[in-house]
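Listing of model-v8.cif, mmCIF, C-alpha atoms
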data_my_file
loop_
_atom_site.label_atom_id
_atom_site.label_comp_id
_atom_site.auth_asym_id
_atom_site.auth_seq_id
_atom_site.Cartn_x
_atom_site.Cartn_y
_atom_site.Cartn_z
CA MET A 1 0.00 0.00 0.00
CA SER A 2 1.21 3.46 -0.79
CA ILE A 3 1.47 6.31 1.67
CA GLN A 4 0.08 9.67 0.57
CA ARG A 5 1.08 12.91 2.27
CA GLN A 6 -0.70 16.25 1.91
CA HIS A 7 0.23 19.76 3.01
CA THR A 8 3.81 18.62 3.55
CA SER A 9 6.70 20.73 4.80
CA PRO A 10 10.23 19.61 5.62
CA ARG A 11 9.05 18.99 9.20
CA MET A 12 5.65 17.31 8.84
CA SER A 13 2.54 16.59 6.82
CA GLN A 14 -0.89 17.80 7.91
CA ILE A 15 -2.54 14.67 6.44
CA VAL A 16 -1.03 11.21 5.96
CA VAL A 17 -3.10 8.46 4.34
CA HIS A 18 -2.23 4.76 4.42
CA GLY A 19 -4.84 2.39 3.08
CA ASN A 20 -8.21 3.53 4.39
CA THR A 21 -6.77 5.22 7.47
CA LEU A 22 -5.81 8.86 7.77
CA TYR A 23 -3.67 10.56 10.35
CA LEU A 24 -3.76 14.28 11.07
CA ALA A 25 -0.94 16.32 12.52
CA GLY A 26 -1.73 17.99 15.81
CA GLN A 27 -4.24 20.80 15.33
CA VAL A 28 -4.35 23.93 17.47
CA GLY A 29 -6.33 27.15 17.53
CA GLU A 30 -5.14 30.74 17.62
CA CYS A 31 -2.26 31.21 20.02
CA GLY A 32 -3.41 33.26 23.02
CA ALA A 33 -7.15 32.66 22.56
CA SER A 34 -9.21 31.09 25.35
CA VAL A 35 -9.45 27.30 25.73
CA PRO A 36 -13.03 27.17 24.36
CA GLU A 37 -12.07 29.33 21.37
CA GLN A 38 -8.88 27.37 20.64
CA THR A 39 -10.90 24.15 20.91
CA ARG A 40 -13.53 25.41 18.44
CA GLN A 41 -10.84 26.62 16.01
CA ALA A 42 -8.81 23.42 16.20
CA LEU A 43 -11.88 21.22 15.73
CA ALA A 44 -12.98 23.31 12.74
CA GLU A 45 -9.57 22.66 11.18
CA VAL A 46 -9.84 18.95 12.04
CA GLU A 47 -13.22 18.85 10.31
CA ARG A 48 -11.86 20.68 7.24
CA LEU A 49 -8.89 18.31 6.91
CA LEU A 50 -11.06 15.23 7.44
CA LYS A 51 -13.42 16.37 4.67
CA GLU A 52 -10.50 17.11 2.36
CA ALA A 53 -9.18 13.58 2.89
CA GLY A 54 -12.57 11.90 2.40
CA SER A 55 -13.67 11.43 6.00
CA SER A 56 -15.77 13.15 8.66
CA PRO A 57 -16.09 13.52 12.43
CA LYS A 58 -18.37 10.45 12.41
CA HIS A 59 -15.40 8.37 11.23
CA ILE A 60 -12.81 9.40 13.81
CA LEU A 61 -11.28 6.28 15.31
CA GLN A 62 -9.07 7.88 17.93
CA ALA A 63 -8.46 11.35 19.37
CA ILE A 64 -5.53 12.34 21.54
CA VAL A 65 -5.98 15.65 23.33
CA TRP A 66 -3.16 17.58 24.94
CA LEU A 67 -3.98 20.36 27.38
CA ALA A 68 -1.37 22.80 28.64
CA ASP A 69 -3.14 22.58 32.02
CA MET A 70 -5.64 19.94 33.13
CA LYS A 71 -7.62 22.69 34.89
CA ASP A 72 -9.01 23.41 31.39
CA PHE A 73 -10.42 19.87 31.00
CA GLU A 74 -14.06 20.88 31.55
CA ALA A 75 -13.85 23.96 29.30
CA MET A 76 -12.38 21.89 26.46
CA ASN A 77 -14.89 19.07 27.00
CA ALA A 78 -17.85 21.46 26.83
CA VAL A 79 -16.86 22.31 23.24
CA TRP A 80 -15.74 18.76 22.36
CA ASP A 81 -18.99 17.17 23.62
CA ALA A 82 -21.10 19.54 21.51
CA TRP A 83 -18.91 18.87 18.43
CA VAL A 84 -18.71 15.04 18.47
CA PRO A 85 -21.62 13.53 16.52
CA ALA A 86 -24.03 11.66 18.83
CA GLY A 87 -23.26 7.95 18.84
CA HIS A 88 -19.86 8.43 17.17
CA ALA A 89 -17.50 9.17 20.06
CA PRO A 90 -14.00 7.90 19.22
CA ALA A 91 -11.51 6.24 21.52
CA ARG A 92 -9.91 9.18 23.29
CA ALA A 93 -7.12 10.08 25.67
CA CYS A 94 -6.44 13.44 27.26
CA GLY A 95 -3.33 14.51 29.10
CA GLU A 96 -1.35 17.52 30.17
CA SER A 97 1.71 18.56 28.21
CA ARG A 98 3.78 21.63 27.52
CA LEU A 99 2.79 22.63 23.98
CA ALA A 100 4.96 24.25 21.28
CA ASP A 101 4.17 27.80 22.47
CA PRO A 102 2.90 28.91 25.90
CA GLY A 103 -0.05 30.57 24.15
CA TYR A 104 -1.34 27.21 22.89
CA LEU A 105 -3.67 25.66 25.43
CA VAL A 106 -5.09 22.63 23.60
CA GLU A 107 -4.00 20.37 20.73
CA PHE A 108 -5.87 17.53 18.97
CA ILE A 109 -4.25 14.55 17.23
CA ILE A 110 -6.73 12.56 15.13
CA THR A 111 -6.81 9.17 13.41
CA ALA A 112 -9.84 8.42 11.21
CA ALA A 113 -11.24 6.01 8.66
CA ILE A 114 -11.61 7.17 5.07
CA ILE A 115 -15.14 6.79 3.75
CA ASP A 116 -14.72 8.48 0.37
CA PRO A 117 -11.32 7.60 -1.13
CA ARG A 118 -10.03 10.35 -3.40
#
Reformat the file's structure so that it appears as structure tokens.
Amino acid sequence: MSIQRQHTSPRMSQIVVHGNTLYLAGQVGECGASVPEQTRQALAEVERLLKEAGSSPKHILQAIVWLADMKDFEAMNAVWDAWVPAGHAPARACGESRLADPGYLVEFIITAAIIDPR
């Protein structure tokens, strides 16, 4: 099986497809915005990239969420819970980690099934 990479730079690809599985690079919102706003922005970008690769939020297999501070768990979850399609919650883990810039408060790493191969 071939590996396809999209939106590639010397450091990383935003989308990697292998077979019928796609992997997204970590997605963040606007540096310095609030946790709810960063969550909404990052999930909008996740949704855009999933659609571009032939998938959707209903086909997310796994989500890994990094928070700069676990105190923001409930604020992030309020947005996440409203965004995840009912009955389609993926396997998920959430932990605390120092992110690439102190202004980033949340990051999402997504693995999904492709439903509409391009």
- Looking at A:Ile60, A:Met76, A:Leu99, A:Ala113, which one is nearest to A:Cys31, with distances taken over only C-alpha atoms? A:Leu99
- Task: Check the smallest atom-to-atom distance from each of A:Pro90, A:Val35, A:Asp101, A:Arg48 to A:Asp72 using all atoms listed in the file, then report the winner.
- Result: A:Val35
- Query: Within 12 Å of A:Met1, counting only C-alpha atoms, which residues qualify if same-chain residues fewer than 4 places away don't, as number ranges by chain?
  - Reply: A: 17-21
- Query: Excluding same-chain residues fewer than 5 positions from A:Val46, what lies within 8 Å of it counting only C-alpha atoms, as a list in words?
  - Reply: Leu24, Gln27 and Ile110 of chain A
Where does stretch 10-74 of chain A meet stretch 83-89 of chain A within 8 Å, residue by residue, with the nearest atom pair and distance in Å to one decimal for each, counting all atoms listed in the file, listed by chain and rising number, as CSV?
residue,atom,partner,partner_atom,distance
A:Leu43,CA,A:Trp83,CA,7.9
A:Pro57,CA,A:Val84,CA,6.8
A:Lys58,CA,A:His88,CA,5.4
A:His59,CA,A:His88,CA,7.4
A:Ile60,CA,A:Ala89,CA,7.8
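Every residue that the PyMOL selection byres ((chain A and resi 6-8) around 12) selects in this file is listed here: A:Ile3, A:Gln4, A:Arg5, A:Ser9, A:Pro10, A:Arg11, A:Met12, A:Ser13, A:Gln14, A:Ile15, A:Val16, A:Val17, A:His18, A:Leu22, A:Tyr23, A:Leu24, A:Ala25, A:Leu49, A:Leu50, A:Glu52, A:Ala53.
Of note, atom CA of A:Glu47 and atom CA of A:Ser97 are spaced 23.3 Å apart.
Taking atom CA of A:Ser55 as the reference point, atom CA of A:Ile115 is found at 5.4 Å.
Among A:Ala33, A:Ile114, A:Val28, A:Ala42, the residue with the shortest atom-to-atom distance to A:Val79, counting only C-alpha atoms, is A:Ala42.
Between atom CA of A:Arg92 and atom CA of A:Glu30 the separation is 22.8 Å.
Residue nearest A:Gly103, chosen from A:Ala44, A:Ala91, A:Ala78, A:Ala68 and counting all atoms listed in the file: A:Ala68.
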Can you list, as an mmCIF file with C-alpha atoms, keeping the file's coordinate frame, the residues that the PyMOL selection byres ((chain A and resi 65) around 9) selects here?
data_model
loop_
_atom_site.group_PDB
_atom_site.id
_atom_site.type_symbol
_atom_site.label_atom_id
_atom_site.label_comp_id
_atom_site.auth_asym_id
_atom_site.auth_seq_id
_atom_site.Cartn_x
_atom_site.Cartn_y
_atom_site.Cartn_z
ATOM 1 C CA GLY A 26 -1.730 17.990 15.810
ATOM 2 C CA ALA A 63 -8.460 11.350 19.370
ATOM 3 C CA ILE A 64 -5.530 12.340 21.540
ATOM 4 C CA TRP A 66 -3.160 17.580 24.940
ATOM 5 C CA LEU A 67 -3.980 20.360 27.380
ATOM 6 C CA ARG A 92 -9.910 9.180 23.290
ATOM 7 C CA ALA A 93 -7.120 10.080 25.670
ATOM 8 C CA CYS A 94 -6.440 13.440 27.260
ATOM 9 C CA GLY A 95 -3.330 14.510 29.100
ATOM 10 C CA GLU A 96 -1.350 17.520 30.170
ATOM 11 C CA VAL A 106 -5.090 22.630 23.600
ATOM 12 C CA GLU A 107 -4.000 20.370 20.730
ATOM 13 C CA PHE A 108 -5.870 17.530 18.970
ATOM 14 C CA ILE A 109 -4.250 14.550 17.230
ATOM 15 C CA ILE A 110 -6.730 12.560 15.130
#
